[in-house]
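Student: Got a file for you: work-v7.txt, compact mmCIF, C-alpha atoms.
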```
# COMPACT_ATOMS: atom_id res chain seq x y z
CA MET A 1 0.00 0.00 0.00
CA PRO A 2 1.45 3.40 -0.98
CA PRO A 3 2.16 5.79 1.91
CA MET A 4 -0.56 8.29 2.77
CA ARG A 5 0.01 11.71 1.29
CA GLU A 6 0.99 14.16 4.00
CA ARG A 7 -1.68 16.74 4.69
CA PRO A 8 -0.26 20.26 5.02
CA ALA A 9 -1.04 22.11 8.23
CA PRO A 10 -3.62 24.93 8.05
CA GLU A 11 -0.84 27.46 8.75
CA VAL A 12 1.10 26.20 5.73
CA LEU A 13 -1.97 26.42 3.51
CA ILE A 14 -2.67 29.99 4.66
CA GLU A 15 0.90 31.03 3.84
CA GLY A 16 0.48 29.58 0.36
CA LEU A 17 -2.89 31.27 -0.12
CA LEU A 18 -1.53 34.68 0.80
CA ARG A 19 1.26 34.19 -1.75
CA GLY A 20 -1.37 33.46 -4.40
CA ASP A 21 -0.24 29.84 -4.76
CA ARG A 22 -2.87 28.08 -6.90
CA ALA A 23 -1.85 24.64 -5.61
CA ALA A 24 -2.38 25.81 -2.02
CA LEU A 25 -5.78 27.20 -2.99
CA GLY A 26 -6.77 23.88 -4.57
CA ARG A 27 -5.67 21.97 -1.47
CA ALA A 28 -7.48 24.36 0.84
CA ILE A 29 -10.71 23.93 -1.14
CA SER A 30 -10.33 20.14 -1.03
CA LEU A 31 -9.90 20.33 2.74
CA ILE A 32 -13.03 22.46 3.20
CA GLU A 33 -15.07 20.13 0.97
CA SER A 34 -13.79 16.96 2.65
CA LYS A 35 -16.36 14.88 4.52
CA LEU A 36 -13.70 12.97 6.48
CA PRO A 37 -14.10 13.49 10.23
CA GLU A 38 -10.34 13.93 10.66
CA ASP A 39 -10.40 16.86 8.23
CA GLN A 40 -13.18 18.82 9.92
CA GLU A 41 -11.07 20.26 12.71
CA ARG A 42 -8.28 21.20 10.32
CA ALA A 43 -10.81 22.84 8.00
CA GLN A 44 -12.19 24.96 10.85
CA SER A 45 -8.66 25.96 11.88
CA LEU A 46 -7.97 27.03 8.31
CA LEU A 47 -11.11 29.19 8.23
CA ASP A 48 -10.21 30.73 11.59
CA LEU A 49 -6.86 31.86 10.14
CA LEU A 50 -8.35 33.54 7.07
CA PRO A 51 -7.94 37.33 6.95
CA PRO A 52 -10.99 39.57 6.46
CA SER A 53 -12.28 39.78 2.90
CA PRO A 54 -10.59 42.60 0.95
CA SER A 55 -12.68 45.69 0.36
CA ASP A 56 -12.01 45.69 -3.38
CA SER A 57 -13.21 42.15 -4.07
CA VAL A 58 -16.44 41.63 -6.03
CA ARG A 59 -18.52 38.47 -5.80
CA ILE A 60 -20.72 37.96 -8.85
CA GLY A 61 -23.34 35.23 -9.15
CA ILE A 62 -24.13 34.03 -12.68
CA THR A 63 -27.48 32.29 -13.00
CA GLY A 64 -30.01 31.44 -15.68
CA PRO A 65 -31.94 28.56 -17.23
CA PRO A 66 -30.15 25.57 -18.78
CA GLY A 67 -28.84 26.42 -22.23
CA ALA A 68 -28.32 30.11 -21.45
CA GLY A 69 -24.58 29.70 -22.03
CA LYS A 70 -23.34 30.52 -18.53
CA SER A 71 -19.95 28.87 -18.97
CA SER A 72 -19.15 30.54 -22.30
CA PHE A 73 -20.32 33.87 -20.87
CA ILE A 74 -18.06 33.55 -17.82
CA GLU A 75 -15.13 32.53 -20.01
CA ARG A 76 -15.51 35.61 -22.22
CA ILE A 77 -15.96 38.06 -19.36
CA GLY A 78 -13.16 36.38 -17.40
CA LEU A 79 -10.74 36.75 -20.31
CA GLU A 80 -11.77 40.40 -20.66
CA LEU A 81 -10.97 41.06 -17.00
CA CYS A 82 -7.67 39.18 -17.06
CA ARG A 83 -6.36 40.63 -20.31
CA GLU A 84 -7.88 44.11 -20.42
CA ARG A 85 -7.69 44.95 -16.72
CA ASP A 86 -4.89 42.63 -15.57
CA ALA A 87 -7.28 41.39 -12.87
CA LYS A 88 -7.25 37.99 -11.16
CA VAL A 89 -10.47 36.03 -11.68
CA ALA A 90 -11.76 32.97 -9.82
CA VAL A 91 -14.68 30.86 -11.02
CA LEU A 92 -16.56 28.53 -8.69
CA ALA A 93 -18.73 26.45 -11.00
CA ILE A 94 -21.45 24.53 -9.18
CA ASP A 95 -22.21 21.31 -11.04
CA PRO A 96 -24.99 18.75 -10.62
CA SER A 97 -23.85 15.85 -8.44
CA SER A 98 -23.43 12.26 -9.48
CA PRO A 99 -25.87 10.08 -7.51
CA GLU A 100 -23.18 7.38 -7.43
CA SER A 101 -20.01 9.20 -6.35
CA GLY A 102 -21.42 12.53 -5.20
CA GLY A 103 -18.89 14.33 -7.41
CA SER A 104 -19.40 16.84 -10.22
CA LEU A 105 -21.09 15.44 -13.32
CA LEU A 106 -20.06 18.09 -15.84
CA GLY A 107 -16.82 19.74 -14.74
CA ASP A 108 -17.01 23.31 -16.04
CA LYS A 109 -13.23 23.50 -16.29
CA THR A 110 -13.48 21.45 -19.50
CA ARG A 111 -15.98 23.95 -20.87
CA MET A 112 -13.72 26.96 -20.21
CA GLU A 113 -10.56 25.70 -21.85
CA GLU A 114 -9.10 29.07 -22.84
CA LEU A 115 -9.80 30.69 -19.47
CA SER A 116 -8.34 27.67 -17.65
CA ARG A 117 -5.02 28.32 -19.42
CA GLU A 118 -4.99 31.96 -18.30
CA PRO A 119 -2.40 32.37 -15.48
CA ARG A 120 -4.52 35.04 -13.75
CA ALA A 121 -7.60 32.78 -13.62
CA PHE A 122 -8.59 29.93 -11.31
CA ILE A 123 -11.51 27.60 -12.06
CA ARG A 124 -12.92 25.06 -9.64
CA PRO A 125 -16.01 22.91 -10.23
CA SER A 126 -17.84 21.87 -7.07
CA PRO A 127 -20.65 19.32 -6.76
CA SER A 128 -23.99 20.65 -5.55
CA SER A 129 -24.40 17.43 -3.50
CA GLY A 130 -28.12 17.60 -4.16
CA LEU A 131 -28.41 20.94 -2.36
CA LEU A 132 -31.20 23.17 -3.67
CA GLY A 133 -30.63 26.85 -4.30
CA GLY A 134 -28.14 26.53 -7.15
CA VAL A 135 -25.03 26.58 -4.93
CA ALA A 136 -22.88 24.07 -3.05
CA ARG A 137 -22.73 23.53 0.71
CA HIS A 138 -19.38 25.30 1.21
CA SER A 139 -19.63 27.96 -1.51
CA ALA A 140 -19.33 30.85 0.96
CA GLU A 141 -16.12 29.45 2.44
CA LEU A 142 -14.66 28.81 -1.02
CA VAL A 143 -15.33 32.42 -2.00
CA ARG A 144 -13.32 33.59 1.01
CA LEU A 145 -10.44 31.26 0.12
CA CYS A 146 -10.30 32.71 -3.40
CA GLU A 147 -10.31 36.25 -2.03
CA ALA A 148 -7.46 35.40 0.36
CA ALA A 149 -5.48 34.12 -2.63
CA GLY A 150 -5.77 37.53 -4.30
CA TYR A 151 -8.63 36.97 -6.74
CA ARG A 152 -10.46 40.28 -7.03
CA TYR A 153 -13.38 38.97 -9.08
CA VAL A 154 -15.04 35.77 -7.87
CA PHE A 155 -17.75 34.36 -10.13
CA VAL A 156 -20.17 31.77 -8.80
CA GLU A 157 -21.88 29.86 -11.61
CA THR A 158 -25.05 28.20 -10.35
CA VAL A 159 -26.31 24.77 -11.36
CA GLY A 160 -28.87 26.32 -13.69
CA VAL A 161 -32.04 24.63 -12.60
CA GLY A 162 -34.42 27.55 -12.92
CA GLN A 163 -36.38 28.58 -9.85
CA SER A 164 -33.97 27.22 -7.21
CA GLU A 165 -31.28 29.81 -7.91
CA TYR A 166 -32.28 32.20 -5.14
CA GLN A 167 -29.53 31.22 -2.67
CA VAL A 168 -26.80 32.68 -4.85
CA ARG A 169 -27.88 36.06 -3.47
CA GLU A 170 -26.84 34.86 -0.04
CA LEU A 171 -23.15 34.70 -0.96
CA CYS A 172 -22.67 37.18 -3.83
CA ASP A 173 -22.59 40.97 -3.95
CA MET A 174 -24.56 41.03 -7.19
CA VAL A 175 -26.38 38.56 -9.42
CA VAL A 176 -26.28 38.55 -13.23
CA LEU A 177 -29.16 36.68 -14.85
CA LEU A 178 -28.60 35.30 -18.35
CA LEU A 179 -31.55 34.83 -20.67
CA VAL A 180 -31.70 33.67 -24.27
CA THR A 181 -34.34 33.96 -26.96
CA GLY A 182 -36.50 31.04 -27.92
CA SER A 183 -36.71 29.27 -24.57
CA GLY A 184 -40.24 30.56 -24.01
CA ASP A 185 -39.94 30.89 -20.25
CA GLN A 186 -38.45 34.32 -19.72
CA LEU A 187 -41.61 36.20 -18.76
CA GLN A 188 -42.98 33.14 -16.98
CA ALA A 189 -39.80 33.14 -14.89
CA LEU A 190 -40.37 36.83 -14.20
CA LYS A 191 -43.84 36.09 -12.84
CA ARG A 192 -42.36 33.50 -10.50
CA GLY A 193 -39.72 35.88 -9.23
CA ILE A 194 -36.42 34.67 -10.67
CA MET A 195 -35.76 38.02 -12.36
CA GLU A 196 -36.34 39.80 -9.08
CA THR A 197 -33.14 38.21 -7.77
CA ALA A 198 -31.06 39.83 -10.51
CA ASP A 199 -29.11 43.07 -10.25
CA LEU A 200 -28.25 42.93 -13.94
CA ILE A 201 -29.88 40.99 -16.79
CA ALA A 202 -27.95 40.00 -19.90
CA ILE A 203 -29.70 38.71 -23.00
CA HIS A 204 -27.08 36.26 -24.18
CA LYS A 205 -26.19 34.90 -27.63
CA ALA A 206 -27.10 38.25 -29.21
CA ASP A 207 -25.19 37.65 -32.43
CA GLY A 208 -25.83 36.85 -36.09
CA PRO A 209 -29.49 36.27 -37.05
CA ASN A 210 -30.37 36.08 -33.36
CA ALA A 211 -29.31 39.69 -32.63
CA PRO A 212 -32.66 41.33 -33.56
CA LYS A 213 -34.55 38.76 -31.48
CA ALA A 214 -32.24 39.43 -28.54
CA ARG A 215 -32.87 43.17 -28.76
CA ALA A 216 -36.62 42.53 -28.92
CA LEU A 217 -36.44 40.30 -25.84
CA ALA A 218 -34.40 42.93 -23.99
CA LEU A 219 -37.15 45.48 -24.69
CA GLU A 220 -39.83 43.04 -23.56
CA VAL A 221 -37.98 42.32 -20.31
CA ARG A 222 -37.46 46.04 -19.63
CA GLN A 223 -41.17 46.67 -20.09
CA ALA A 224 -42.11 43.77 -17.84
CA LEU A 225 -39.66 44.89 -15.15
CA GLY A 226 -41.03 48.42 -15.37
CA MET A 227 -44.52 47.17 -14.65
CA ARG A 228 -43.34 45.18 -11.64
CA THR A 229 -40.98 47.70 -10.05
CA SER A 230 -43.66 50.44 -9.76
CA GLY A 231 -41.27 53.34 -10.05
CA LYS A 232 -38.32 51.73 -8.23
CA SER A 233 -34.83 51.76 -9.76
CA PHE A 234 -34.60 49.68 -12.92
CA THR A 235 -32.54 46.54 -13.27
CA LYS A 236 -30.30 47.17 -16.25
CA VAL A 237 -30.92 44.90 -19.24
CA LEU A 238 -28.15 44.46 -21.85
CA THR A 239 -27.53 42.27 -24.89
CA VAL A 240 -24.22 40.39 -25.12
CA SER A 241 -22.41 37.76 -27.16
CA SER A 242 -19.64 35.44 -25.98
CA LEU A 243 -18.51 34.23 -29.41
CA PRO A 244 -14.72 34.67 -29.64
CA ASP A 245 -14.85 35.98 -33.21
CA ILE A 246 -17.20 38.85 -32.30
CA PRO A 247 -15.16 42.06 -31.84
CA ARG A 248 -15.13 43.51 -28.33
CA SER A 249 -16.84 46.67 -29.54
CA GLU A 250 -19.77 44.59 -30.85
CA SER A 251 -19.97 41.89 -28.17
CA GLY A 252 -21.53 44.12 -25.51
CA MET A 253 -19.00 42.88 -22.94
CA GLY A 254 -17.44 46.30 -22.49
CA ALA A 255 -20.85 47.82 -21.69
CA LEU A 256 -21.60 44.94 -19.33
CA LEU A 257 -18.34 45.41 -17.40
CA ASP A 258 -19.07 49.13 -17.18
CA ALA A 259 -22.53 48.30 -15.81
CA ILE A 260 -20.98 46.02 -13.17
CA ASP A 261 -18.53 48.79 -12.17
CA SER A 262 -21.37 51.32 -11.92
CA TRP A 263 -23.49 48.96 -9.83
CA VAL A 264 -20.62 48.28 -7.39
CA LEU A 265 -19.74 51.99 -7.06
CA ALA A 266 -23.37 52.92 -6.41
CA ALA A 267 -23.85 50.10 -3.87
CA LYS A 268 -20.72 51.15 -1.99
CA ALA A 269 -21.67 54.82 -2.08
CA ASN A 270 -25.10 54.26 -0.50
CA GLY A 271 -23.87 51.66 2.00
CA ALA A 272 -25.85 48.77 0.47
CA PHE A 273 -22.68 46.83 -0.41
CA ASP A 274 -21.35 46.59 3.17
CA GLU A 275 -24.84 46.16 4.61
CA LYS A 276 -25.48 43.19 2.32
CA ARG A 277 -22.21 41.47 3.26
CA TRP A 278 -22.95 41.97 6.95
CA ALA A 279 -26.43 40.46 6.55
CA GLN A 280 -25.02 37.54 4.56
CA GLY A 281 -22.48 36.84 7.32
CA GLN A 282 -25.21 36.86 9.95
CA ARG A 283 -27.34 34.42 7.95
CA ARG A 284 -24.36 32.11 7.42
CA LEU A 285 -23.74 32.18 11.17
CA GLU A 286 -27.36 31.24 11.84
CA SER A 287 -27.15 28.48 9.25
CA ARG A 288 -23.97 27.09 10.82
CA VAL A 289 -25.53 27.09 14.29
CA GLU A 290 -28.47 25.13 12.88
CA GLU A 291 -26.09 22.63 11.27
CA ILE A 292 -24.21 22.17 14.54
CA LEU A 293 -27.44 21.60 16.44
CA VAL A 294 -28.60 19.01 13.91
CA GLU A 295 -25.22 17.25 14.14
CA ARG A 296 -25.39 17.22 17.94
CA PHE A 297 -28.98 15.92 17.83
CA ARG A 298 -27.96 13.03 15.58
CA GLN A 299 -25.10 12.18 17.96
CA TRP A 300 -27.51 12.20 20.88
CA TRP A 301 -30.20 10.24 19.03
CA ALA A 302 -27.74 7.48 18.19
CA THR A 303 -26.99 6.99 21.91
CA ARG A 304 -30.24 8.30 23.45
CA PRO A 305 -31.49 6.88 26.74
CA SER A 306 -33.62 3.78 26.44
CA ALA A 307 -36.40 5.24 28.59
CA GLU A 308 -39.15 6.05 26.11
CA PRO A 309 -42.80 6.82 26.90
CA GLU A 310 -45.22 4.08 26.03
CA ALA A 311 -47.00 4.75 22.74
CA ASP A 312 -50.32 3.59 24.19
CA ASN A 313 -50.24 6.16 26.97
CA HIS A 314 -48.86 9.15 25.08
CA SER A 315 -49.84 10.99 21.96
CA GLU A 316 -47.27 11.55 19.22
CA ALA A 317 -47.01 15.23 20.24
CA GLN A 318 -46.24 14.18 23.83
CA ARG A 319 -43.59 11.73 22.67
CA ILE A 320 -41.90 14.44 20.59
CA GLN A 321 -42.05 16.85 23.51
CA HIS A 322 -40.47 14.19 25.72
CA TRP A 323 -37.50 13.82 23.37
CA ILE A 324 -37.12 17.60 22.97
CA ALA A 325 -36.90 17.93 26.74
CA ALA A 326 -34.41 15.05 26.97
CA PHE A 327 -32.22 16.51 24.20
CA SER A 328 -32.32 19.96 25.79
CA ALA A 329 -31.25 18.51 29.12
CA TRP A 330 -28.39 16.67 27.39
CA LEU A 331 -27.21 19.91 25.78
CA GLY A 332 -27.42 21.63 29.14
CA ARG A 333 -25.05 19.03 30.56
CA GLY A 334 -22.57 19.81 27.80
CA GLY A 335 -23.37 16.68 25.81
CA ARG A 336 -22.66 14.32 28.71
CA SER A 337 -24.95 11.45 29.65
```
Could I get this file's structure written as structure tokens?

Tutor:
Amino acid sequence: MPPMRERPAPEVLIEGLLRGDRAALGRAISLIESKLPEDQERAQSLLDLLPPSPSDSVRIGITGPPGAGKSSFIERIGLELCRERDAKVAVLAIDPSSPESGGSLLGDKTRMEELSREPRAFIRPSPSSGLLGGVARHSAELVRLCEAAGYRYVFVETVGVGQSEYQVRELCDMVVLLLVTGSGDQLQALKRGIMETADLIAIHKADGPNAPKARALALEVRQALGMRTSGKSFTKVLTVSSLPDIPRSESGMGALLDAIDSWVLAAKANGAFDEKRWAQGQRRLESRVEEILVERFRQWWATRPSAEPEADNHSEAQRIQHWIAAFSAWLGRGGRS
């Protein structure tokens, strides 16, 4: 049997992250995603050592229905940022999970070949593990790791399953919704609220014969948003193309990047940017407390006292109340029997 690969200490991983070492970033992500009990304590130590998120980082969620071209869109905008602005870009691509292995089914890295060769870019597919909401269980922690490694722009590409994309708002500063012509569900999605999660809407694949249709859809979406916002600030709607042979001046990517810059500047100026991050952190804390309580309950349930009220003499509600009281008493004793 080959010797076990030595696991680097959290302190070593942090040093590598702060140097911008991509290998250290990959190892740190693997540690956070690990389900091995022996890795959990090391993962928490790593997170405890992370510095605060930099003030100039921008977290951008990319969502949209299947077939909207999220990967090609991210590749084009990522290359623009790396090459035109000399910025470092990280992409966390959330993939559907394999029911057999639990791992990623698609692997977005293979769909962003040019961006994956860019030295200023980092791409990491993560399995959704069946989690609803379009994101993975540790997405928030992975975003922080990328920021610590010096990536100013962090893109989170959701699974792309339609109405379950709402949770991307819980870990990103802004959400870009991609729509395409011909899918027939754009305004239906609007009625159900998916467009209300977006800070910016991009009508994608606006090139060739499809360009006029894309412009028409953009107008339709603007009108529909206007009816729903009732005088509130408009969500900007742009048309873009990710085809590599479309000149930058015609692709709409320059206008889209300008729109992102304007949104971030405005959100920081009115305090919404910092307020949103603070609220997100509070919700993540609440979520983690809930996870810990569920974990402790399962530990207790596996070794719970044998004394159980007789079913004949107690209603189901009384039985549940009995176990709640017993679990609460166990917690009060610090988890000791």

Student: Which of these residues is nearest to Trp300 of chain A, using only C-alpha atoms: A:Glu33, A:Arg117, A:Tyr151, A:Leu331?

Tutor: A:Leu331

Student: Using only C-alpha atoms, find the one residue out of A:Ile123, A:Leu219, A:Ala206, A:Arg336 that sits nearest to Ile246 of chain A.

Tutor: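 Of the candidates, the smallest distance to Ile246 of chain A is held by A:Ala206.
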
Student: Distance atom CA of Asp261 of chain A-atom CA of Arg59 of chain A, one decimal place?

Tutor: 12.1 Å

Student: Have a look at A:Leu285, A:Phe73, A:Arg85, A:Val168 and name the one nearest to Arg111 of chain A; count all atoms listed in the file.

Tutor: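 Selected residue with least distance to Arg111 of chain A: A:Phe73.
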
Student: Please compute the atom CA of Pro51 of chain A-atom CA of His138 of chain A distance, one decimal, in Å.

Tutor: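 Between these atoms lies a distance of 17.6 Å.
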